[in-house]
Amino acid sequence: MKFGGTSVGDAERIKRAARRIVAAREQGRRVVAVLSARGKTTDELIAMAEEVSTAPDPREMDMLLSTGERISCALCAMAINDLGHRAISLTGSQAGIVTDTSHTKARILDVRADRIRDALYDDLIVLVAGFQGVSTSKDVTTLGRGGSDTTAVALAAAIDAEVCEIYTDVAGVFSADPRIVPDARKLPVVSFEEMLEMSASGAGVLQLRSVEYARNHGIRIHCRSSFTESPGTFVVGEEETMERPLITAVTHSRDEARITLLGVPDHPGVAGRIFTALADANVNVDMIIQNEPESEGAAADMSFTVPRSDLRVARATLDPVVAQVGIKAVAEDPEMGKVSVVGAGMKSHPGVAARVFSTLGDQGINIEMISTSPIKISCVVTADMVDRAVRALHEAFELGADQIEAEHPFGTSRVTTPTGSTQDAEGGTAMRSRGASL
Ligand code: ADP
Ligand code: ASP
Ligand code: MG
């Protein structure tokens with residue numbers, strides 16, 4: 001059971017999480033719970049670091065950031081003990097989470113869960129501080145923003161858990177961020193394939209690495225509300241999802257930055273040098289476009305996007321390469337965003353891109369860059385246009401809760417799947433979007 005920041009935001013919510021954990025234990029389950037830092041704690045810790053340093057040392061940053069989740073776990077353990085159960089809180093390191101050495105974005109290499117298993121065997125409820133581990137050089141590391149989701153999935157895999165429940169402040173995974181689109185629809189089931197694209201394109205409800213980890217280890221994720229009992233969204237293998245809607249969700253990010261390299265010499269190996277330098281600095285490059293040089297051997301221009309939080313490191317990394325390679329100038333647009341439509345059904349339906357572009361065009365939104373995968377179309381737009389773009393696309397593909405109708409409202413026998421979605425007797429999904437065929 002993993003509880004996110006809002007779900008442990010104050011004393012009352014920590015006690016509520018404690019009661020929920022205890023209720024699961026009393027139903028006969030053995031529980032390992034992963035907690036996030038309370039409310040905005042991680043943001044506040046980052047702000048504190050920036051008050052004392054313009055470029056905080058990454059190792060020390062991890063020492064600082066890892067404290068937020070430790071506070072939550074210790075407090076929740078106290079609350080559980082008061083409810084008459086025995087709990088123990090563990091840091092990521094004590095829980096056996098071993099990572100690589102890339103501070104602030106570490107990857108989990110191994111989970112040595114013996115201590116957790118022993119504690120469960122002793123009938124303890126185990127609380128593990130999310131978002132952190134210990135590196136192969138014995139330093140505290142953190143797993144990147146939203147990393148407690150990955151802690152939870154990795155522990156679920158290590159202890160062979162029945163399910164990994166991610167408790168959050170929304171009722172599950174929706175057809176768009178419900179904060180932007182109030183009539184977004186809760187999705188009962190999403191495939192790993194779609195959830196990977198959604199998380200990669202900004203749906204922060206599950207961290208991308210947690211979904212990758214779950215797919216690789218066959219972990220069942222149930223993403224649900226920490227405030228209600230109703231089922232949320234199951235993230236499952238493709239074979240378990242009956243529904244193949246054209247578009248499943250519209251996702252977005254407001255945290256992109258664009259870097260443009262002007263006058264890049266048109267020689268083999270130049271792009272390799274640029275992007276190797278960025279990769280070595282652990283900068284995640286997303287979209288890349290290069291225009292054709294006007295004539296053979298002339299210089300080209302190249303643009304790419306990076307997360308805004310990586311802009312400073314990216315610029316510092318590029319400076320020496322720019323000089324060595326003979327690039328004429330570097331420009332940056334720090335306030336970019338991205339909007340994407342994701343859906344397994346688009347693999348076999350032409351016309352989705354056309355509808356995306358015309359919808360944005362009708363809204364007067366300029367598309368700065370485009371990228372596609374078999375099940376996703378992403379457009380980079382300026383950050384101030386993101387909300388409008390999301391609402392327009394959600395509307396254009398008729399994804400809203402009130403735009404879904406039952407295909408056979410009467411006369412078909414219904415069965416409820418283990419995931420709670422309603423299906424007709426032939427196994428076809430009874431709920432289908434009216435906009436689902438072009
Ligand atoms: P937690 O602190 O529980 O980890 P997060 O803030 O990381 O919570 O993730 C939950 C938030 O994700 C929601 O409050 C919502 O605004 C946002 N979100 C973005 N896209 C989606 C989506 N498609 N479905 C549900 N929530 C989304
Ligand atoms: N506290 C960390 C963050 O805010 C990790 C998490 O909440 O998952 O990013
Ligand atoms: Mg989160």
# chains A, B, ... in the order shown; residues from 1 in each chain; ligands from 1

call {"tool": "residues_around", "arguments": {"residues": "Ile274 in chain A", "least_positions_apart": "6", "cutoff": "10 Å", "atoms": "only C-alpha atoms", "output": "ChimeraX atom specification"}}
result
/A:317-318,321-322,325

call {"tool": "residues_near_ligand", "arguments": {"ligand": "ligand 3", "cutoff": "7 Å", "atoms": "only C-alpha atoms and all ligand atoms", "output": "PDB file with N, CA and C atoms, in the first residue's frame"}}
result
ATOM      1  N   GLY A   4       0.485   8.647  -1.137  1.00  0.00           N
ATOM      2  CA  GLY A   4       1.161   9.822  -1.691  1.00  0.00           C
ATOM      3  C   GLY A   4       1.123  11.010  -0.736  1.00  0.00           C
ATOM      4  N   GLY A 146       8.262  11.891  -7.750  1.00  0.00           N
ATOM      5  CA  GLY A 146       7.232  10.855  -7.860  1.00  0.00           C
ATOM      6  C   GLY A 146       7.755   9.458  -7.597  1.00  0.00           C
ATOM      7  N   SER A 148       8.244   7.550  -5.076  1.00  0.00           N
ATOM      8  CA  SER A 148       7.683   6.591  -4.107  1.00  0.00           C
ATOM      9  C   SER A 148       6.841   5.522  -4.799  1.00  0.00           C
ATOM     10  N   ASP A 149       6.267   5.864  -5.952  1.00  0.00           N
ATOM     11  CA  ASP A 149       5.512   4.851  -6.708  1.00  0.00           C
ATOM     12  C   ASP A 149       6.447   3.692  -7.069  1.00  0.00           C
ATOM     13  N   GLY A 204       1.411  12.430 -14.219  1.00  0.00           N
ATOM     14  CA  GLY A 204       2.228  12.189 -13.025  1.00  0.00           C
ATOM     15  C   GLY A 204       1.565  11.309 -11.989  1.00  0.00           C
ATOM     16  N   VAL A 205       0.363  10.844 -12.251  1.00  0.00           N
ATOM     17  CA  VAL A 205      -0.345  10.037 -11.261  1.00  0.00           C
ATOM     18  C   VAL A 205       0.434   8.748 -10.958  1.00  0.00           C
ATOM     19  N   LEU A 206       1.172   8.210 -11.930  1.00  0.00           N
ATOM     20  CA  LEU A 206       2.106   7.100 -11.668  1.00  0.00           C
ATOM     21  C   LEU A 206       3.448   7.464 -12.289  1.00  0.00           C
ATOM     22  N   GLN A 207       4.519   7.343 -11.516  1.00  0.00           N
ATOM     23  CA  GLN A 207       5.837   7.675 -12.075  1.00  0.00           C
ATOM     24  C   GLN A 207       6.192   6.671 -13.178  1.00  0.00           C
TER      25      GLN A 207
END

call {"tool": "closest_residue", "arguments": {"among": "A:Ile375, A:Ala200, A:Leu155, A:Val8", "to": "Gly92 in chain A", "atoms": "only C-alpha atoms"}}
result
A:Leu155

call {"tool": "residues_near_ligand", "arguments": {"ligand": "ligand 1", "cutoff": "9 Å", "atoms": "only C-alpha atoms and all ligand atoms", "output": "count of residues only"}}
result
50

call {"tool": "select_by_dssp", "arguments": {"residues": "range 3-214 of chain A", "states": "strand (DSSP E)", "output": "MDAnalysis selection string"}}
result
chainID A and resid 3 32:35 87:90 97:99 108:111 125:129 132:135 140:142 164:168 189:191

call {"tool": "residues_around", "arguments": {"residues": "Lys338 in chain A", "least_positions_apart": "2", "cutoff": "7 Å", "atoms": "only C-alpha atoms", "output": "PDB file with all heavy atoms, in the first residue's frame"}}
result
ATOM      1  N   HIS A 252      -0.564  15.743 -20.478  1.00  0.00           N
ATOM      2  CA  HIS A 252       0.132  17.012 -20.712  1.00  0.00           C
ATOM      3  C   HIS A 252       1.300  17.174 -19.759  1.00  0.00           C
ATOM      4  O   HIS A 252       1.391  16.478 -18.737  1.00  0.00           O
ATOM      5  CB  HIS A 252      -0.835  18.182 -20.483  1.00  0.00           C
ATOM      6  CG  HIS A 252      -1.125  18.388 -19.040  1.00  0.00           C
ATOM      7  ND1 HIS A 252      -2.045  17.635 -18.354  1.00  0.00           N
ATOM      8  CD2 HIS A 252      -0.563  19.210 -18.120  1.00  0.00           C
ATOM      9  CE1 HIS A 252      -2.059  17.992 -17.093  1.00  0.00           C
ATOM     10  NE2 HIS A 252      -1.156  18.949 -16.910  1.00  0.00           N
ATOM     11  N   SER A 253       2.153  18.091 -20.102  1.00  0.00           N
ATOM     12  CA  SER A 253       3.223  18.520 -19.198  1.00  0.00           C
ATOM     13  C   SER A 253       3.429  20.008 -19.425  1.00  0.00           C
ATOM     14  O   SER A 253       3.335  20.489 -20.547  1.00  0.00           O
ATOM     15  CB  SER A 253       4.482  17.722 -19.533  1.00  0.00           C
ATOM     16  OG  SER A 253       5.614  18.519 -19.323  1.00  0.00           O
ATOM     17  N   ARG A 254       3.691  20.725 -18.314  1.00  0.00           N
ATOM     18  CA  ARG A 254       3.982  22.158 -18.452  1.00  0.00           C
ATOM     19  C   ARG A 254       5.446  22.428 -18.159  1.00  0.00           C
ATOM     20  O   ARG A 254       5.857  23.557 -18.039  1.00  0.00           O
ATOM     21  CB  ARG A 254       3.164  22.973 -17.442  1.00  0.00           C
ATOM     22  CG  ARG A 254       1.693  22.945 -17.654  1.00  0.00           C
ATOM     23  CD  ARG A 254       1.024  23.968 -16.721  1.00  0.00           C
ATOM     24  NE  ARG A 254      -0.386  23.701 -16.646  1.00  0.00           N
ATOM     25  CZ  ARG A 254      -0.951  22.859 -15.792  1.00  0.00           C
ATOM     26  NH1 ARG A 254      -0.205  22.226 -14.898  1.00  0.00           N
ATOM     27  NH2 ARG A 254      -2.240  22.658 -15.810  1.00  0.00           N
ATOM     28  N   SER A 340      -0.459  15.443 -25.392  1.00  0.00           N
ATOM     29  CA  SER A 340      -0.396  14.184 -26.137  1.00  0.00           C
ATOM     30  C   SER A 340      -1.738  13.474 -26.087  1.00  0.00           C
ATOM     31  O   SER A 340      -2.463  13.584 -25.096  1.00  0.00           O
ATOM     32  CB  SER A 340       0.638  13.238 -25.506  1.00  0.00           C
ATOM     33  OG  SER A 340       1.864  13.893 -25.292  1.00  0.00           O
ATOM     34  N   SER A 378       2.252  13.420 -29.846  1.00  0.00           N
ATOM     35  CA  SER A 378       2.576  14.516 -28.921  1.00  0.00           C
ATOM     36  C   SER A 378       2.876  15.779 -29.700  1.00  0.00           C
ATOM     37  O   SER A 378       3.538  15.730 -30.733  1.00  0.00           O
ATOM     38  CB  SER A 378       3.840  14.204 -28.118  1.00  0.00           C
ATOM     39  OG  SER A 378       3.648  13.108 -27.288  1.00  0.00           O
ATOM     40  N   CYS A 379       2.406  16.909 -29.167  1.00  0.00           N
ATOM     41  CA  CYS A 379       2.717  18.211 -29.761  1.00  0.00           C
ATOM     42  C   CYS A 379       3.308  19.098 -28.674  1.00  0.00           C
ATOM     43  O   CYS A 379       2.734  19.218 -27.584  1.00  0.00           O
ATOM     44  CB  CYS A 379       1.448  18.891 -30.265  1.00  0.00           C
ATOM     45  SG  CYS A 379       0.625  17.957 -31.550  1.00  0.00           S
ATOM     46  N   VAL A 380       4.432  19.737 -28.982  1.00  0.00           N
ATOM     47  CA  VAL A 380       4.992  20.739 -28.086  1.00  0.00           C
ATOM     48  C   VAL A 380       4.301  22.064 -28.403  1.00  0.00           C
ATOM     49  O   VAL A 380       4.180  22.447 -29.571  1.00  0.00           O
ATOM     50  CB  VAL A 380       6.517  20.863 -28.271  1.00  0.00           C
ATOM     51  CG1 VAL A 380       7.063  22.072 -27.525  1.00  0.00           C
ATOM     52  CG2 VAL A 380       7.209  19.599 -27.778  1.00  0.00           C
ATOM     53  N   VAL A 381       3.804  22.716 -27.357  1.00  0.00           N
ATOM     54  CA  VAL A 381       3.167  24.036 -27.494  1.00  0.00           C
ATOM     55  C   VAL A 381       3.744  24.912 -26.385  1.00  0.00           C
ATOM     56  O   VAL A 381       4.418  24.397 -25.480  1.00  0.00           O
ATOM     57  CB  VAL A 381       1.616  23.941 -27.357  1.00  0.00           C
ATOM     58  CG1 VAL A 381       1.022  23.054 -28.436  1.00  0.00           C
ATOM     59  CG2 VAL A 381       1.197  23.419 -25.984  1.00  0.00           C
ATOM     60  N   VAL A 386      -1.207  25.047 -22.736  1.00  0.00           N
ATOM     61  CA  VAL A 386      -1.416  23.629 -22.446  1.00  0.00           C
ATOM     62  C   VAL A 386      -2.850  23.330 -21.984  1.00  0.00           C
ATOM     63  O   VAL A 386      -3.510  22.427 -22.515  1.00  0.00           O
ATOM     64  CB  VAL A 386      -0.375  23.140 -21.407  1.00  0.00           C
ATOM     65  CG1 VAL A 386      -0.790  21.823 -20.797  1.00  0.00           C
ATOM     66  CG2 VAL A 386       0.990  23.021 -22.067  1.00  0.00           C
TER      67      VAL A 386
END

call {"tool": "residues_around", "arguments": {"residues": "Leu45 in chain A", "least_positions_apart": "2", "cutoff": "12 Å", "atoms": "only C-alpha atoms", "output": "ChimeraX atom specification"}}
result
/A:37-43,47-52,56,60-69

call {"tool": "atom_distance", "arguments": {"atom1": "CA of Thr305 in chain A", "atom2": "CA of Asp286 in chain A"}}
result
5.4 Å

call {"tool": "closest_residue", "arguments": {"among": "A:Arg315, A:His267, A:Lys105, A:Arg391", "to": "ligand 2", "atoms": "only C-alpha atoms and all ligand atoms"}}
result
A:Lys105

call {"tool": "closest_residue", "arguments": {"among": "A:Gly130, A:Ile97, A:Ile125, A:Met1", "to": "ligand 2", "atoms": "only C-alpha atoms and all ligand atoms"}}
result
A:Gly130

call {"tool": "residues_around", "arguments": {"residues": "Glu212 in chain A", "least_positions_apart": "3", "cutoff": "12 Å", "atoms": "only C-alpha atoms", "output": "PyMOL selection string"}}
result
chain A and resi 107-108+149-150+153-154+191-200+206-209+215-221+235-237

call {"tool": "select_by_dssp", "arguments": {"residues": "range 67-307 of chain A", "states": "alpha helix (DSSP H)", "output": "JSON, numbers by chain"}}
result
{"A": [67, 68, 69, 70, 71, 72, 73, 74, 75, 76, 77, 78, 79, 80, 81, 82, 114, 115, 116, 117, 118, 119, 120, 121, 148, 149, 150, 151, 152, 153, 154, 155, 156, 157, 158, 192, 193, 194, 195, 196, 197, 198, 199, 200, 208, 209, 210, 211, 212, 213, 214, 215, 216, 217, 270, 271, 272, 273, 274, 275, 276, 277, 278, 279, 280]}

call {"tool": "write_last_selection", "arguments": {"atoms": "C-alpha atoms", "output": "PDB file, in the first residue's frame"}}
result
ATOM      1  CA  THR A  67      14.235  13.148   5.162  1.00  0.00           C
ATOM      2  CA  GLY A  68      10.694  14.027   4.023  1.00  0.00           C
ATOM      3  CA  GLU A  69       9.553  10.440   3.609  1.00  0.00           C
ATOM      4  CA  ARG A  70      11.280   9.348   6.819  1.00  0.00           C
ATOM      5  CA  ILE A  71       9.183  11.819   8.801  1.00  0.00           C
ATOM      6  CA  SER A  72       5.953  10.411   7.335  1.00  0.00           C
ATOM      7  CA  CYS A  73       6.918   6.817   8.104  1.00  0.00           C
ATOM      8  CA  ALA A  74       7.953   7.445  11.690  1.00  0.00           C
ATOM      9  CA  LEU A  75       4.744   9.390  12.376  1.00  0.00           C
ATOM     10  CA  CYS A  76       2.543   6.746  10.763  1.00  0.00           C
ATOM     11  CA  ALA A  77       4.284   3.982  12.739  1.00  0.00           C
ATOM     12  CA  MET A  78       3.443   5.893  15.943  1.00  0.00           C
ATOM     13  CA  ALA A  79      -0.201   6.178  14.856  1.00  0.00           C
ATOM     14  CA  ILE A  80      -0.387   2.451  14.047  1.00  0.00           C
ATOM     15  CA  ASN A  81       1.136   1.526  17.402  1.00  0.00           C
ATOM     16  CA  ASP A  82      -1.575   3.614  19.093  1.00  0.00           C
ATOM     17  CA  ASP A 114      15.235  -9.901   4.071  1.00  0.00           C
ATOM     18  CA  ARG A 115      14.656  -7.391   6.830  1.00  0.00           C
ATOM     19  CA  ILE A 116      11.116  -6.725   5.563  1.00  0.00           C
ATOM     20  CA  ARG A 117      10.383 -10.441   5.342  1.00  0.00           C
ATOM     21  CA  ASP A 118      11.678 -11.008   8.879  1.00  0.00           C
ATOM     22  CA  ALA A 119       9.548  -8.146  10.200  1.00  0.00           C
ATOM     23  CA  LEU A 120       6.438  -9.484   8.455  1.00  0.00           C
ATOM     24  CA  TYR A 121       7.193 -12.914   9.894  1.00  0.00           C
ATOM     25  CA  SER A 148       7.683   6.591  -4.107  1.00  0.00           C
ATOM     26  CA  ASP A 149       5.512   4.851  -6.708  1.00  0.00           C
ATOM     27  CA  THR A 150       8.625   3.018  -7.893  1.00  0.00           C
ATOM     28  CA  THR A 151       9.617   2.106  -4.329  1.00  0.00           C
ATOM     29  CA  ALA A 152       6.186   0.547  -3.880  1.00  0.00           C
ATOM     30  CA  VAL A 153       6.283  -1.474  -7.102  1.00  0.00           C
ATOM     31  CA  ALA A 154       9.863  -2.644  -6.492  1.00  0.00           C
ATOM     32  CA  LEU A 155       8.979  -3.831  -2.979  1.00  0.00           C
ATOM     33  CA  ALA A 156       5.834  -5.534  -4.290  1.00  0.00           C
ATOM     34  CA  ALA A 157       8.025  -7.460  -6.735  1.00  0.00           C
ATOM     35  CA  ALA A 158      10.642  -8.327  -4.101  1.00  0.00           C
ATOM     36  CA  PHE A 192       0.899  -1.239 -19.335  1.00  0.00           C
ATOM     37  CA  GLU A 193       1.533  -0.132 -22.901  1.00  0.00           C
ATOM     38  CA  GLU A 194      -0.883   2.803 -22.614  1.00  0.00           C
ATOM     39  CA  MET A 195       0.099   3.690 -19.052  1.00  0.00           C
ATOM     40  CA  LEU A 196       3.772   3.828 -20.060  1.00  0.00           C
ATOM     41  CA  GLU A 197       2.950   6.336 -22.786  1.00  0.00           C
ATOM     42  CA  MET A 198       0.697   8.298 -20.428  1.00  0.00           C
ATOM     43  CA  SER A 199       3.306   8.520 -17.676  1.00  0.00           C
ATOM     44  CA  ALA A 200       6.057   9.330 -20.172  1.00  0.00           C
ATOM     45  CA  LEU A 208       7.089   6.296 -15.406  1.00  0.00           C
ATOM     46  CA  ARG A 209       9.665   4.021 -13.813  1.00  0.00           C
ATOM     47  CA  SER A 210       7.064   2.433 -11.566  1.00  0.00           C
ATOM     48  CA  VAL A 211       5.058   1.408 -14.628  1.00  0.00           C
ATOM     49  CA  GLU A 212       8.175   0.074 -16.395  1.00  0.00           C
ATOM     50  CA  TYR A 213       9.096  -1.902 -13.301  1.00  0.00           C
ATOM     51  CA  ALA A 214       5.563  -3.278 -12.934  1.00  0.00           C
ATOM     52  CA  ARG A 215       5.478  -4.378 -16.551  1.00  0.00           C
ATOM     53  CA  ASN A 216       8.897  -6.015 -16.355  1.00  0.00           C
ATOM     54  CA  HIS A 217       8.033  -7.915 -13.178  1.00  0.00           C
ATOM     55  CA  VAL A 270      28.139  15.646 -34.728  1.00  0.00           C
ATOM     56  CA  ALA A 271      24.692  14.678 -33.382  1.00  0.00           C
ATOM     57  CA  GLY A 272      26.311  11.705 -31.675  1.00  0.00           C
ATOM     58  CA  ARG A 273      28.722  13.994 -29.793  1.00  0.00           C
ATOM     59  CA  ILE A 274      25.992  16.385 -28.706  1.00  0.00           C
ATOM     60  CA  PHE A 275      23.614  13.741 -27.410  1.00  0.00           C
ATOM     61  CA  THR A 276      26.334  11.566 -25.858  1.00  0.00           C
ATOM     62  CA  ALA A 277      27.414  14.563 -23.769  1.00  0.00           C
ATOM     63  CA  LEU A 278      23.802  15.108 -22.651  1.00  0.00           C
ATOM     64  CA  ALA A 279      23.295  11.417 -21.883  1.00  0.00           C
ATOM     65  CA  ASP A 280      26.514  11.326 -19.839  1.00  0.00           C
TER      66      ASP A 280
END

call {"tool": "closest_residue", "arguments": {"among": "A:Pro231, A:Met242, A:Val352, A:Gly144", "to": "ligand 2", "atoms": "only C-alpha atoms and all ligand atoms"}}
result
A:Gly144

call {"tool": "residues_around", "arguments": {"residues": "Gly133 in chain A", "least_positions_apart": "4", "cutoff": "8 Å", "atoms": "only C-alpha atoms", "output": "ChimeraX atom specification"}}
result
/A:91-93,96-99,108,140-143

call {"tool": "write_last_selection", "arguments": {"atoms": "C-alpha atoms", "output": "PDB file, in the first residue's frame"}}
result
ATOM      1  CA  THR A  91      14.523   4.040   5.539  1.00  0.00           C
ATOM      2  CA  GLY A  92      15.028   2.951   1.917  1.00  0.00           C
ATOM      3  CA  SER A  93      18.496   1.798   2.872  1.00  0.00           C
ATOM      4  CA  GLY A  96      17.384  -3.045   1.257  1.00  0.00           C
ATOM      5  CA  ILE A  97      16.764  -0.814  -1.770  1.00  0.00           C
ATOM      6  CA  VAL A  98      20.069  -0.682  -3.633  1.00  0.00           C
ATOM      7  CA  THR A  99      20.454   1.846  -6.440  1.00  0.00           C
ATOM      8  CA  ILE A 108      16.937   0.653  -8.407  1.00  0.00           C
ATOM      9  CA  VAL A 140      21.749   7.879   0.255  1.00  0.00           C
ATOM     10  CA  THR A 141      20.063   8.359  -3.131  1.00  0.00           C
ATOM     11  CA  THR A 142      16.619   9.480  -4.302  1.00  0.00           C
ATOM     12  CA  LEU A 143      14.656   8.121  -7.246  1.00  0.00           C
TER      13      LEU A 143
END

call {"tool": "atom_distance", "arguments": {"atom1": "CA of Pro265 in chain A", "atom2": "CA of Ala299 in chain A"}}
result
4.6 Å

call {"tool": "atom_distance", "arguments": {"atom1": "CA of Arg388 in chain A", "atom2": "CA of Val342 in chain A"}}
result
17.5 Å

call {"tool": "residues_around", "arguments": {"residues": "Ala257 in chain A", "least_positions_apart": "6", "cutoff": "6 Å", "atoms": "only C-alpha atoms", "output": "MDAnalysis selection string"}}
result
chainID A and resid 305:308 333:336
